[in-house]
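Q: Below is a structure I'd like to ask you about.
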Amino acid sequence: MPHRHSSPLRRALMALALTVLALALAACGREGSPPVKGPKGSELPRYPVAKNFSLPESPTWVRAKRRGHLIIGVKEDQPYLGEKDPATGRYTGFDIEIAKMMSAALGFPPRTIEFKTIASANRETALQNGQIDLYVGTYTINDKRKKLVGFAGPYYMAGQSLLVRADEKDIRGPQDLAGKRVCSAAGSTPYQRIQAEYPKAVLIAYDTYSVCVDNLLTYQVDAVTTDDAILLGYAAKVPDELKVVGKPFSEEPYGIGVPRGDNALRFALDDALAAAEKNGLWRKAYDATLGLSGVPAPKPPPIDRYPAA
Ligand code: GLU
């Protein structure tokens with residue numbers, strides 16, 4: 001994977017880019033511009049914690065029970081999905097709500113969750129080596145990954161899309177990427193799709209999409225590609241500077257990653273998701289988080305309860 005080197009110049013550029021993004025974000029709060037929308041604690045649903053819940057067949061659950069809480073891998077720089085407030089250390093977003101929902105269903109009060117930020121390329125290893133119990137962070141279910149981890153869900157259907165600067169005229173879809181600098185996260189399905197299907201694009205990988213967005217704002221790259229749900233969040237934060245273009249060109253069903261072979265845990269999470277979709281909590285969680293990026297709540301995709309693996 002062609003990772004760029006971190007030369008002093010590169011680091012200086014990165015610092016500059018981060019400053020530009022910070023200024024752009026700060027500008028949103030100024031008088032006359034719309035306030036930055038975000039979930040308010042009071043509007044977030046509460047998830048009833050399952051009483052006397054026990055899952056002795058799940059080694060992951062048993063380990064968490066001994067420890068006293070769950071450790072859940074997430075993203076920290078994806079607006080409306082998984083975002084960490086640097087001042088308070090608090091995580092918010094739709095993925096975070098799904099994590100809380102699942103924790104409650106497994107008998108662990110959501111406030112006890114230990115969130116760990118894990119980048120796209122490190123998710124499988126983190127689940128395999130026991131660094132985390134679950135992963136909830138825009139994690140596409142696919143057969144290749146199913147050989148390494150298990151997936152409950154899906155709980156949401158996203159699709160790959162493109163983010164460009166607001167004044168961009170040439171890039172309207174993936175067919176326009178030949179010779180363009182396109183940024184995505186290492187180890188992600190959008191990165192792999194551009195590599196396989198649009199080989200004329202000049203692909204650049206970083207660990208996170210937020211670094212790609214900084215590079216887009218400072219003209220280091222021409223487009224950022226990943227799921228529409230993620231890109232809409234970045235665009236919503238600086239609508240004068242960024243836009244999402246074209247139609248989604250893939251299906252990205254989001255699953256909850258679990259250690260491979262822990263079928264008991266996977267099935268318990270599938271049950272918990274189905275219940276939350278039925279009793280309205282899924283919808284409430286969506287409306288209070290991802291819904292704020294402007295897309296009304298879709299019907300959740302059917303849960304794929306695949307046989308024990
Ligand atoms: N859903 C895609 C994936 O799992 C892209 C988002 C991400 O990197 O988390 O690779």
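Lettering and numbering for the structure tokens are positional, with chains as A, B, ... in the shown order, residues counted from 1 in each chain, and ligands counted from 1 in the shown order.
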List every residue of stretch 221-292 of chain A that has an atom at most 9 Å from any atom of stretch 80-89 of chain A, and for each one report the closest atom pair and its distance in Å to one decimal, counting only C-alpha atoms, with rows sorted by chain and then by increasing residue number, as CSV.
A:
```
residue,atom,partner,partner_atom,distance
A:Ala229,CA,A:Leu81,CA,8.0
A:Ile230,CA,A:Leu81,CA,7.3
A:Gly233,CA,A:Tyr80,CA,6.2
A:Ala288,CA,A:Tyr80,CA,8.9
A:Thr289,CA,A:Tyr80,CA,5.2
A:Leu290,CA,A:Tyr80,CA,4.8
A:Gly291,CA,A:Tyr80,CA,8.0
A:Leu292,CA,A:Tyr80,CA,7.2
```
Q: Could you name the residues that touch A:Gly261 at 10 Å or less, counting only C-alpha atoms, but leaving out those on the same chain fewer than 5 positions away, as a list in words?
A: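 Listed by chain and then number, they are Ser58, Pro59, Lys147, Leu148, Val149, Gly150, Arg266, Ala308 and Ala309 of chain A.
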Q: Could the residues that lie within 10 Å of ligand 1, counting only C-alpha atoms and all ligand atoms, be listed as a PDB file with C-alpha atoms, in the first residue's frame?
A:
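part-v8.pdb was written with the following content:
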```
ATOM      1  CA  VAL A  74     -14.514   3.148  16.832  1.00  0.00           C
ATOM      2  CA  LYS A  75     -13.537   6.115  14.657  1.00  0.00           C
ATOM      3  CA  GLN A  78     -16.029  10.999  11.218  1.00  0.00           C
ATOM      4  CA  ILE A 118      -8.817   2.229  15.625  1.00  0.00           C
ATOM      5  CA  ALA A 119      -8.040   3.163  11.998  1.00  0.00           C
ATOM      6  CA  SER A 120      -9.528   1.264   9.052  1.00  0.00           C
ATOM      7  CA  ALA A 121      -6.355  -0.706   8.317  1.00  0.00           C
ATOM      8  CA  ARG A 123      -9.559  -3.279  12.618  1.00  0.00           C
ATOM      9  CA  VAL A 136     -18.430  -0.198  15.359  1.00  0.00           C
ATOM     10  CA  GLY A 137     -17.030   2.240  12.795  1.00  0.00           C
ATOM     11  CA  THR A 138     -18.317   2.372   9.199  1.00  0.00           C
ATOM     12  CA  TYR A 139     -17.081  -1.196   8.815  1.00  0.00           C
ATOM     13  CA  THR A 140     -18.185  -2.804   5.535  1.00  0.00           C
ATOM     14  CA  ILE A 141     -19.168  -6.467   5.679  1.00  0.00           C
ATOM     15  CA  ASN A 142     -17.546  -8.481   2.897  1.00  0.00           C
ATOM     16  CA  ARG A 145     -13.069  -9.704   5.887  1.00  0.00           C
ATOM     17  CA  MET A 157     -26.278   0.684   4.048  1.00  0.00           C
ATOM     18  CA  ALA A 158     -23.792   3.247   2.699  1.00  0.00           C
ATOM     19  CA  GLY A 159     -22.282   3.629  -0.779  1.00  0.00           C
ATOM     20  CA  GLN A 160     -18.941   4.864  -2.080  1.00  0.00           C
ATOM     21  CA  SER A 184      -8.673   7.461   0.748  1.00  0.00           C
ATOM     22  CA  ALA A 185      -7.886   5.485   3.900  1.00  0.00           C
ATOM     23  CA  ALA A 186      -5.427   2.605   3.796  1.00  0.00           C
ATOM     24  CA  GLY A 187      -7.121  -0.773   4.156  1.00  0.00           C
ATOM     25  CA  SER A 188     -10.567   0.537   3.195  1.00  0.00           C
ATOM     26  CA  THR A 189     -12.918  -0.900   0.584  1.00  0.00           C
ATOM     27  CA  PRO A 190     -13.164   2.468  -1.284  1.00  0.00           C
ATOM     28  CA  TYR A 191      -9.376   2.533  -1.610  1.00  0.00           C
ATOM     29  CA  GLN A 192      -9.374  -1.014  -2.961  1.00  0.00           C
ATOM     30  CA  ARG A 193     -12.184  -0.275  -5.422  1.00  0.00           C
ATOM     31  CA  ASP A 207      -4.673   6.369   7.934  1.00  0.00           C
ATOM     32  CA  THR A 208      -7.798   8.510   8.201  1.00  0.00           C
ATOM     33  CA  TYR A 209     -10.237  10.383   5.982  1.00  0.00           C
ATOM     34  CA  THR A 225     -13.318   8.923  -1.748  1.00  0.00           C
ATOM     35  CA  THR A 226     -15.127   6.816   0.804  1.00  0.00           C
ATOM     36  CA  ASP A 227     -18.715   6.138   1.889  1.00  0.00           C
ATOM     37  CA  ASP A 228     -21.342   8.831   1.245  1.00  0.00           C
ATOM     38  CA  ALA A 229     -22.337   8.811   4.927  1.00  0.00           C
ATOM     39  CA  ILE A 230     -18.798   9.838   5.923  1.00  0.00           C
ATOM     40  CA  LEU A 231     -18.304  12.392   3.140  1.00  0.00           C
ATOM     41  CA  GLU A 251     -22.872  -0.922  -1.614  1.00  0.00           C
ATOM     42  CA  GLU A 252     -21.237  -0.733   1.796  1.00  0.00           C
ATOM     43  CA  PRO A 253     -23.286  -2.625   4.398  1.00  0.00           C
ATOM     44  CA  TYR A 254     -22.078  -1.583   7.873  1.00  0.00           C
ATOM     45  CA  GLY A 255     -21.543  -4.426  10.318  1.00  0.00           C
TER      46      GLY A 255
END
```
Q: Give me, please, the distance in Å between atom CA of A:Pro48 and atom CA of A:Asn279, quoted to one decimal.
A: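 Computing the Euclidean distance for atom CA of A:Pro48 and atom CA of A:Asn279 yields 11.7 Å.
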Q: Report as JSON, numbers by chain all protein, DNA and RNA residues lying within 12 Å of A:Lys169, evaluated on only C-alpha atoms, omitting residues in the same chain fewer than 5 positions from it.
A: {"A": [164, 176, 222, 223, 243, 245, 246]}
Q: Which one of A:Lys237, A:Arg181, A:Arg172, A:Lys144 sits closest to A:Cys212 if you count only C-alpha atoms?
A: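 Checking each candidate against A:Cys212, we get A:Arg181 as the closest.
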Q: Do you have the atom CA of A:Asp95-atom CA of A:Ser161 distance handy?
A: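 For atom CA of A:Asp95 relative to atom CA of A:Ser161, the distance reads 19.2 Å.
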Q: Show which residues sit within 10 Å of A:Gln175, as a list in words. Count only C-alpha atoms, and ignore same-chain residues fewer than 3 positions away.
A: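 The residues satisfying every condition are Ile171, Arg172, Ala178, Glu197, Tyr198, Lys200 and Ala201 of chain A.
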Q: Hey, can you spit out that residue selection with N, CA, C and O atoms as a PDB file, in the first residue's frame?
A:
```
ATOM      1  N   ILE A 171     -14.694  16.885 -11.936  1.00  0.00           N
ATOM      2  CA  ILE A 171     -14.958  15.558 -11.343  1.00  0.00           C
ATOM      3  C   ILE A 171     -16.425  15.443 -10.954  1.00  0.00           C
ATOM      4  O   ILE A 171     -16.906  16.128 -10.061  1.00  0.00           O
ATOM      5  N   ARG A 172     -17.138  14.562 -11.662  1.00  0.00           N
ATOM      6  CA  ARG A 172     -18.559  14.349 -11.357  1.00  0.00           C
ATOM      7  C   ARG A 172     -18.856  12.906 -10.968  1.00  0.00           C
ATOM      8  O   ARG A 172     -19.933  12.593 -10.490  1.00  0.00           O
ATOM      9  N   ALA A 178      -9.268   9.849 -13.925  1.00  0.00           N
ATOM     10  CA  ALA A 178      -7.988   9.577 -14.595  1.00  0.00           C
ATOM     11  C   ALA A 178      -7.051  10.777 -14.428  1.00  0.00           C
ATOM     12  O   ALA A 178      -7.428  11.910 -14.706  1.00  0.00           O
ATOM     13  N   GLU A 197     -10.621  -0.770 -10.025  1.00  0.00           N
ATOM     14  CA  GLU A 197     -11.533  -0.427 -11.127  1.00  0.00           C
ATOM     15  C   GLU A 197     -11.221   0.881 -11.835  1.00  0.00           C
ATOM     16  O   GLU A 197     -11.698   1.109 -12.939  1.00  0.00           O
ATOM     17  N   TYR A 198     -10.439   1.751 -11.189  1.00  0.00           N
ATOM     18  CA  TYR A 198     -10.091   3.034 -11.811  1.00  0.00           C
ATOM     19  C   TYR A 198      -8.584   3.248 -11.720  1.00  0.00           C
ATOM     20  O   TYR A 198      -8.106   4.178 -11.059  1.00  0.00           O
ATOM     21  N   LYS A 200      -6.366   4.435 -13.496  1.00  0.00           N
ATOM     22  CA  LYS A 200      -5.738   5.667 -14.005  1.00  0.00           C
ATOM     23  C   LYS A 200      -5.751   6.789 -12.966  1.00  0.00           C
ATOM     24  O   LYS A 200      -5.110   7.827 -13.149  1.00  0.00           O
ATOM     25  N   ALA A 201      -6.478   6.608 -11.886  1.00  0.00           N
ATOM     26  CA  ALA A 201      -6.478   7.615 -10.812  1.00  0.00           C
ATOM     27  C   ALA A 201      -5.150   7.523 -10.064  1.00  0.00           C
ATOM     28  O   ALA A 201      -4.558   6.446  -9.953  1.00  0.00           O
TER      29      ALA A 201
END
```
Q: Restricting the calculation to only C-alpha atoms: of A:Ile256, A:Val238, A:Leu177, A:Met102, which residue gets closest to A:Asp214?
A: A:Val238
Q: I need the strand (DSSP E) residues of stretch 77-152 of chain A per DSSP on the backbone, written as an MDAnalysis selection string.
A: chainID A and resid 77:78 82:84 91:92 114:117 134:135 149:152
Q: Print the selection's residues with C-alpha atoms to a file, as a PDB file, in the first residue's frame.
A:
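Final output, saved to out-v9.pdb:
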```pdb
ATOM      1  CA  ASP A  77     -12.860  11.863  13.144  1.00  0.00           C
ATOM      2  CA  GLN A  78     -16.029  10.999  11.218  1.00  0.00           C
ATOM      3  CA  GLY A  82     -17.913   8.541  15.273  1.00  0.00           C
ATOM      4  CA  GLU A  83     -16.419  11.780  16.513  1.00  0.00           C
ATOM      5  CA  LYS A  84     -14.374  12.534  19.610  1.00  0.00           C
ATOM      6  CA  TYR A  91     -17.481  10.251  21.569  1.00  0.00           C
ATOM      7  CA  THR A  92     -20.685  10.960  19.595  1.00  0.00           C
ATOM      8  CA  GLU A 114     -14.177   2.051  26.942  1.00  0.00           C
ATOM      9  CA  PHE A 115     -13.944   3.469  23.405  1.00  0.00           C
ATOM     10  CA  LYS A 116     -10.704   2.955  21.470  1.00  0.00           C
ATOM     11  CA  THR A 117      -9.966   4.751  18.234  1.00  0.00           C
ATOM     12  CA  LEU A 134     -16.335  -5.206  19.260  1.00  0.00           C
ATOM     13  CA  TYR A 135     -15.808  -2.731  16.449  1.00  0.00           C
ATOM     14  CA  VAL A 149     -13.513 -11.471  11.713  1.00  0.00           C
ATOM     15  CA  GLY A 150     -17.235 -11.969  12.294  1.00  0.00           C
ATOM     16  CA  PHE A 151     -19.968  -9.431  11.525  1.00  0.00           C
ATOM     17  CA  ALA A 152     -23.335  -8.780  13.137  1.00  0.00           C
TER      18      ALA A 152
END
```
Q: Give me, please, the distance in Å between atom CA of A:Phe94 and atom CA of A:Ile132, quoted to one decimal.
A: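 Taking atom CA of A:Phe94 as the start and atom CA of A:Ile132 as the end point, the length is 19.0 Å.
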Q: Counting only C-alpha atoms, figure out which residue out of A:Tyr47, A:Trp61, A:Phe249, A:Tyr219 gets nearest to A:Pro174.
A: A:Phe249
Q: Here is a test: counting only C-alpha atoms, which residue of A:Met101, A:Ile72, A:Ala268, A:Ala64 is nearest to A:Leu281?
A: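 So, comparing all the options, the nearest one is A:Met101.
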Q: Counting only C-alpha atoms, figure out which residue out of A:Glu277, A:Glu43, A:Asp270, A:Glu76 gets nearest to A:Tyr306.
A: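 That would be A:Asp270, the residue with the smallest distance to A:Tyr306.
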Q: As an NGL selection string, please: all residues of stretch 207-268 of chain A that backbone DSSP puts in alpha helix (DSSP H).
A: :A and (209-217 or 228-237 or 263-268)
Q: Could you dump the residues just selected with N, CA and C atoms as a short mmCIF file (atom, residue, chain, number, x, y, z; two decimals), in the first residue's frame?
A:
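Wrote it out as result.cif, contents follow:
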```cif
data_model
loop_
_atom_site.label_atom_id
_atom_site.label_comp_id
_atom_site.auth_asym_id
_atom_site.auth_seq_id
_atom_site.Cartn_x
_atom_site.Cartn_y
_atom_site.Cartn_z
N TYR A 209 -9.63 9.52 7.00
CA TYR A 209 -10.24 10.38 5.98
C TYR A 209 -10.08 11.85 6.33
N SER A 210 -9.99 12.18 7.62
CA SER A 210 -9.88 13.61 7.97
C SER A 210 -8.57 14.19 7.44
N VAL A 211 -7.52 13.39 7.41
CA VAL A 211 -6.25 13.87 6.83
C VAL A 211 -6.43 14.07 5.32
N CYS A 212 -7.17 13.18 4.68
CA CYS A 212 -7.49 13.35 3.26
C CYS A 212 -8.24 14.67 3.04
N VAL A 213 -9.19 14.97 3.90
CA VAL A 213 -9.99 16.19 3.75
C VAL A 213 -9.09 17.43 3.93
N ASP A 214 -8.18 17.39 4.89
CA ASP A 214 -7.21 18.50 5.05
C ASP A 214 -6.44 18.70 3.75
N ASN A 215 -6.04 17.60 3.15
CA ASN A 215 -5.27 17.66 1.90
C ASN A 215 -6.10 18.17 0.73
N LEU A 216 -7.40 17.93 0.79
CA LEU A 216 -8.30 18.43 -0.26
C LEU A 216 -8.44 19.95 -0.12
N LEU A 217 -8.60 20.41 1.12
CA LEU A 217 -8.78 21.85 1.37
C LEU A 217 -7.52 22.65 1.03
N ASP A 228 -20.56 7.58 1.26
CA ASP A 228 -21.34 8.83 1.25
C ASP A 228 -21.65 9.33 2.66
N ALA A 229 -21.97 8.41 3.56
CA ALA A 229 -22.34 8.81 4.93
C ALA A 229 -21.20 9.59 5.59
N ILE A 230 -19.97 9.17 5.33
CA ILE A 230 -18.80 9.84 5.92
C ILE A 230 -18.56 11.18 5.24
N LEU A 231 -18.60 11.17 3.91
CA LEU A 231 -18.30 12.39 3.14
C LEU A 231 -19.34 13.49 3.39
N LEU A 232 -20.61 13.11 3.53
CA LEU A 232 -21.66 14.12 3.79
C LEU A 232 -21.39 14.85 5.10
N GLY A 233 -20.83 14.14 6.06
CA GLY A 233 -20.50 14.75 7.35
C GLY A 233 -19.42 15.82 7.21
N TYR A 234 -18.38 15.52 6.44
CA TYR A 234 -17.32 16.53 6.22
C TYR A 234 -17.88 17.73 5.44
N ALA A 235 -18.69 17.43 4.41
CA ALA A 235 -19.25 18.51 3.59
C ALA A 235 -20.17 19.39 4.42
N ALA A 236 -20.95 18.77 5.31
CA ALA A 236 -21.89 19.55 6.13
C ALA A 236 -21.17 20.51 7.06
N LYS A 237 -19.93 20.19 7.44
CA LYS A 237 -19.18 21.07 8.35
C LYS A 237 -18.65 22.31 7.64
N ASN A 263 -19.62 -16.97 17.53
CA ASN A 263 -20.96 -16.94 16.94
C ASN A 263 -22.04 -16.55 17.94
N ALA A 264 -21.85 -16.95 19.20
CA ALA A 264 -22.85 -16.63 20.22
C ALA A 264 -22.98 -15.11 20.35
N LEU A 265 -21.85 -14.42 20.36
CA LEU A 265 -21.86 -12.96 20.46
C LEU A 265 -22.50 -12.35 19.23
N ARG A 266 -22.11 -12.85 18.07
CA ARG A 266 -22.64 -12.34 16.80
C ARG A 266 -24.17 -12.47 16.76
N PHE A 267 -24.69 -13.64 17.13
CA PHE A 267 -26.14 -13.84 17.09
C PHE A 267 -26.85 -12.97 18.13
N ALA A 268 -26.24 -12.79 19.30
CA ALA A 268 -26.85 -11.94 20.34
C ALA A 268 -26.94 -10.50 19.82
#
```
